[in-house]
Each structure stands twice: as structure tokens, then as C-alpha cells.
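Have a look at the structure below, then the notes.
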Amino acid sequence: MSKYKSLKGMPDILPADIPRWHEMEKRIRRFLSIYGYTEIRTPILEETELFARSIGSSTDIVEKEMFTLPEVSGKPVSLRPEGTASVLRSYLEHHLGHGQDLLKVYYLGPMFRHERPQKGRLRQFHQMGIEAIGSDHPFVDVEVMVLLMNLLEFFQTPDLHLEINSVGDEECRPAYRKILKDFLKAHAQELCENCQRRTDSNPMRVFDCKVPSCQSVLEQAPIILDHLNARCADHLASVEEGLRTAGVSFTKNPRIVRGLDYYERTAFEVTSGNLGAQNAVAAGGRYDGLAEVMGGSHTPAIGFAMGLERLLLTLGDSLIPSLQKRVEFVPLDDKAQIQTMALSMQTRQACVRSDTSPTIEFLPEPKSIKAALRRANRNQAVAAILLGSEEMKKNTATVKWLNGKDQKEIRFEDLPSYLSKELA
Ligand code: HAM
């Protein structure tokens with residue numbers, strides 16, 4: 001027992017859990033390559049200002065959830081709380097849009113937010129996200145949402161709900177924000193302290209408040225869908241039509257506002273009924289104005305990110321990793337040990353996964369072949385390869401298949417090809 005423990009909300013992912021992570025990541029990568037997305041890897045540490053300007057200085061993430069170091073190369077830096085800002089920064093920095101109408105990239109990796117940990121909410125968590133950069137066509141929105149729903153269906157994720165909204169644009173949102181602010185001010189007495197504070201700093205965020213008394217006030221609040229300009233309303237109508245044509249079911253929820261300020265027009269969220277309070281599996285939206293905020297030229301874009309711990313939680317035991325078959329070499333005495341090592345190496349060169357038991361002499365009680373076979377079984381080997389003095393004399397190994405009674409003598413030189421054929 002060490003006197004050190006991992007930090008709160010930053011758990012280890014232990015060897016026993018890794019096969020499920022690998023399986024999930026493998027399926028995600030395969031799926032995304034079918035959809036024409038390529039991977040991008042951005043650093044975990046970026047200038048704090050990149051996140052503050054992109055996500056918004058009055059959002060929860062920037063106000064209180066970033067892990068910030070005071071200075072690296074003369075600038076404050078933060079652990080990335082999300083991936084979109086970094087991807088767009090990289091897109092602009094490396095001119096990734098050059099000669100390309102639409103750049104389609106994805107990322108997989110850890111994100112950091114100083115939140116109060118609970119089921120499905122961590123301080124170090126993992127996201128996979130996609131960004132489609134370079135088009136403001138509503139059908140790109142549709143394609144991104146169809147991809148997300150198909151990906152979740154590919155995993156057979158249970159009880160899914162897609163909710164969409166439009167959060168307007170720089171032309172119509174300020175007017176709506178004022179109408180909402182006036183309404184909230186008129187009901188200030190009935191709102192919690194947090195909502196009262198948000199009324200001035202970021203009024204649309206009050207819709208995320210879970211306090212029941214606030215909820216009943218907000219039911220009467222004006223909704224943005226009644227205040228969209230023609231451009232945003234048309235965009236939303238085309239997105240809805242596209243989703244219906246693609247056969248994706250969704251509900252329109254005017255209360256989806258998202259906790260990041262860069263969104264414009266389309267915003268969406270996918271929840272799963274079996275997640276409890278933190279029920280958002282994935283969320284995203286359009287961020288057509290963000291490139292200009294970063295000093296670049298106008299670059300419309302849309303994407304989403306999915307919480308991988310939450311995906312695993314919803315899948316439970318239904319995600320079964322495909323295990324690579326393996327064999328276990330069991331040297332029966334010291335003399336056989338060196339031959340075992342050589343055979344194990346040759347077998348690995350034939351792409352058969354193998355491990356070697358300690359010589360039976362060194363096994364814990366009882367020192368017997370039976371104990372060695374039990375151990376091989378426990379290690380999920382499909383065959384035990386036994387080598388003792390008899391085998392050494394004949395230059396053969398005894399291959400004992402563990403799922404039945406079958407046993408075969410195989411010459412040393414034939415062993416790699418025999419195993420690779422049997423395990424294929
Ligand atoms: P987000 O809604 O902040 O959006 O996060 C996306 C997903 O990450 C959430 O739906 C949830 O599944 C997961 N997640 C967020 N915070 C935590 C946490 N503390 N613990 C566990 N899982 C969490 C974004 O990050 C945007 N960058 C999405 C995007 C991409 N928009 C456009 N492109």
C-alpha cells in the first residue's frame with residue numbers, strides 16, 4: 001500500500017479495463033475512417049487565453065474549471081478542457097483548409113475540468129470528437145448528427161435521445177438575450193443565487209439550472225426559437241428536414257443552450273436514459289464565428305464530442321472485447337527453460353501471442369503439471385505447450401489444448417507454423 005493515491009476525479013484505468021477501452025477505440029477509429037475522418041493530435045497544454053476567448057470568459061469551464069499553470073514561456077497555460085478550440089487553432093496555424101473545401105478530423109484523448117466528481121463526471125476524462133471545418137451548409141450539420149447517431153447505434157447504445165436547437169447568431173441572439181434578461185430580472189426574487197448572477201453575465205445559461213423553483217420560472221421564459229432571424233430559422237428548418245429524410249428521430253428543445261459560448265445556430269445533445277444525472281453522452285454544435293475570434297478569416301464549422309467513460313457506462317457488459325488468442329509455454333524443468341524461451345520467440349515471430357510460465361520448479365504449491373495447467377487456464381490461454389525431459393530428447397513439444405482433451409506432439413521446427421494455423 002503506497003501513501004500516495006491518484007487525485008480525486010482522476011482515476012487510473014487498470015489493466016483489467018484496458019481490453020474494453022481498446023475495443024471501443026478500435027471500433028471508433030474504424031467507424032470514423034469509413035466516414036472519411038482522419039485523426040488530429042493536439043497538445044494537452046495550450047495558452048489559457050485560447051480557451052478563455054473560445055469557450056467564453058463567463059462560462060463555468062473558464063471561470064472555475066480549468067487547471068491553469070501561471071506561466072510557461074511567459075504565458076499562462078491550461079490543461080485542455082475540450083478539443084474544439086485546439087483543433088481550430090491548429091487548422092488556422094497550419095492552413096489545413098488550403099485546397100480543401102471541408103476538412104474532416106477527429107481526436108481521442110484526455111480532457112481536464114475541475115468539476116465536482118460524481119458518477120459520469122470526472123476531472124480527467126476522455127473524449128472522442130469530430131470537427132467538420134469549412135462549410136456552413138445545413139446538410140453538413142445533418143451528416144455530423146447522422147454520424148453520431150450511427151456510431152452510437154454501431155455500439156448498440158441503449159435508450160438514446162437526440163435533442164436539437166438553434167442558439168441563433170450574432171444578429172438575432174443579442175436581441176433575444178435582452179428579452180430573456182428583462183424576463184429574468186422581473187422574476188429575480190424566484191431565482192436561485194446562481195441564476196441571478198447569470199442573468200447579467202450569461203443569461204441563456206440559466207436554462208441549465210436544475211433547481212426546481214428556477215425550472216418552474218423558466219418554463220414561462222421566452223424561447224429563442226421565437227426570436228430567430230430568417231437565416232437561422234431557415235437553417236434550422238433545413239437541418240430538421242435533413243434529419244427526417246435520414247430517418248433520425250429527434251426532438252426540438254429550445255432549452256438546450258450548451259455551456260460553451262462559441263456556438264451559433266445548431267446546438268445538439270444526445271442523452272442516454274441509463275446514465276443518471278450526468279446523462280449527456282455527446283454534444284456539439286456549429287461554431288461559425290470562432291475562427292474570427294481567433295484572428296483567422298471566416299471559417300464555418302461544426303462538430304461534437306462524446307464522453308468515453310459515459311459511453312462505457314451506458315454499454316455496461318455489452319461491449320465484449322475480442323481477445324487475441326494466446327498459448328502458454330510450461331517448461332517442466334530447468335533444462336527445458338532455455339528451449340522454451342527460444343520456441344516462444346519463434347512462435348511470436350509467427351504472430352502467435354505466447355507467454356511463459358515460470359519453470360514448474362518455481363511455481364507456487366502444488367508443484368505439478370495440474371497447477372501449471374490451472375494457471376494457463378486462469379491466464380485464458382487456449383493451449384499449454386509442455387516441455388520436459390522426454391520432449392527434449394525427442395525434439396518435440398506437447399501441445400495440450402485446454403478447451404478439450406486433445407493433446408499433440410509437434411516437432412520443434414513445426415511448432416510456430418502449427419500454432420499460427422490452429423489459432424488463425
Ligand atoms: P461538452 O458538452 O462540454 O462539449 O462535452 C462533450 C461531452 O464530453 C459531454 O456530453 C460528456 O459526455 C463529456 N464530458 C464533459 N465533461 C465531462 C466530465 N467532467 N466527465 C466526464 N465526461 C464529461 C465539448 O466539449 C465541445 N468541444 C463539443 C464540440 C465539438 N462542439 C463542437 N465540436
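In the C-alpha cells, chains take the letters A, B, ... in the order shown, each chain's residues start at 1, and ligands count up from 1 in the order shown.
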Could you tell me, as an NGL selection string, which residues of stretch 195-418 of chain A DSSP assigns to helix (DSSP H, G or I) when given the backbone?
:A and (195-201 or 203-208 or 212-218 or 224-226 or 230-245 or 290-293 or 308-318 or 334-349 or 360-362 or 369-378 or 389-394 or 412-418)
Write out as JSON lines the residues of stretch 302-340 of chain A that have any atom within 10 Å of an atom of stretch 151-163 of chain A, one row each with the nearest atom pair and its distance in Å to one decimal, counting only C-alpha atoms, sorted by chain and then rising number.
{"residue": "A:Met306", "atom": "CA", "partner": "A:Leu152", "partner_atom": "CA", "distance": 9.9}
{"residue": "A:Leu311", "atom": "CA", "partner": "A:Thr157", "partner_atom": "CA", "distance": 7.8}
{"residue": "A:Leu312", "atom": "CA", "partner": "A:Thr157", "partner_atom": "CA", "distance": 9.3}
{"residue": "A:Leu313", "atom": "CA", "partner": "A:Thr157", "partner_atom": "CA", "distance": 9.9}
{"residue": "A:Thr314", "atom": "CA", "partner": "A:Thr157", "partner_atom": "CA", "distance": 6.5}
{"residue": "A:Leu315", "atom": "CA", "partner": "A:Thr157", "partner_atom": "CA", "distance": 6.0}
{"residue": "A:Gly316", "atom": "CA", "partner": "A:Thr157", "partner_atom": "CA", "distance": 9.5}
{"residue": "A:Ser318", "atom": "CA", "partner": "A:Gln156", "partner_atom": "CA", "distance": 8.4}
{"residue": "A:Leu319", "atom": "CA", "partner": "A:Phe155", "partner_atom": "CA", "distance": 7.6}
Test item: residues at most 10 Å from stretch 263-269 of chain A, only C-alpha atoms, excluding those fewer than 6 positions along its chain, as JSON, numbers by chain
{"A": [54, 55, 138, 141, 145, 161, 162, 163, 164, 165, 166, 167, 168, 169, 170, 173, 228, 231, 232, 233, 235, 236, 239, 250, 251, 252, 253, 254, 256, 257, 279, 280, 281, 282, 283, 284, 285, 286, 287, 288, 289, 290, 300, 301, 302, 303, 304, 305, 306]}
Between A:Leu50, A:Ile28, A:Ile34, A:Leu122, which has the minimum distance to ligand 1 (counting only C-alpha atoms and all ligand atoms)?
A:Leu122
Which one is closest to A:Leu332: A:Asn377, A:Gln346, A:Thr398, A:Thr48? Count only C-alpha atoms.
A:Thr398
Which of stretch 37-110 of chain A counts as strand (DSSP E) under DSSP, as an NGL selection string please?
:A and (38-39 or 45-47 or 68-72 or 75-79 or 103-110)
Skipping near chain neighbours, those fewer than 5 positions away, what residues fall within 12 Å of A:Pro19 using only C-alpha atoms, listed as a ChimeraX atom specification?
/A:13-14,24-26,312,319-324
Written selection (C-alpha atoms) as a compact mmCIF listing (two decimals), in the first residue's frame:
# COMPACT_ATOMS: atom_id res chain seq x y z
CA ILE A 13 -7.56 2.86 -16.00
CA LEU A 14 -6.36 -0.53 -14.82
CA MET A 24 -14.07 0.89 -28.02
CA GLU A 25 -11.22 2.91 -29.51
CA LYS A 26 -10.66 0.36 -32.29
CA LEU A 312 -18.64 2.72 -21.45
CA LEU A 319 -19.05 -4.31 -25.06
CA ILE A 320 -17.08 -7.52 -25.20
CA PRO A 321 -13.51 -7.14 -26.39
CA SER A 322 -12.30 -9.61 -28.97
CA LEU A 323 -9.42 -11.21 -27.14
CA GLN A 324 -6.32 -12.26 -29.01
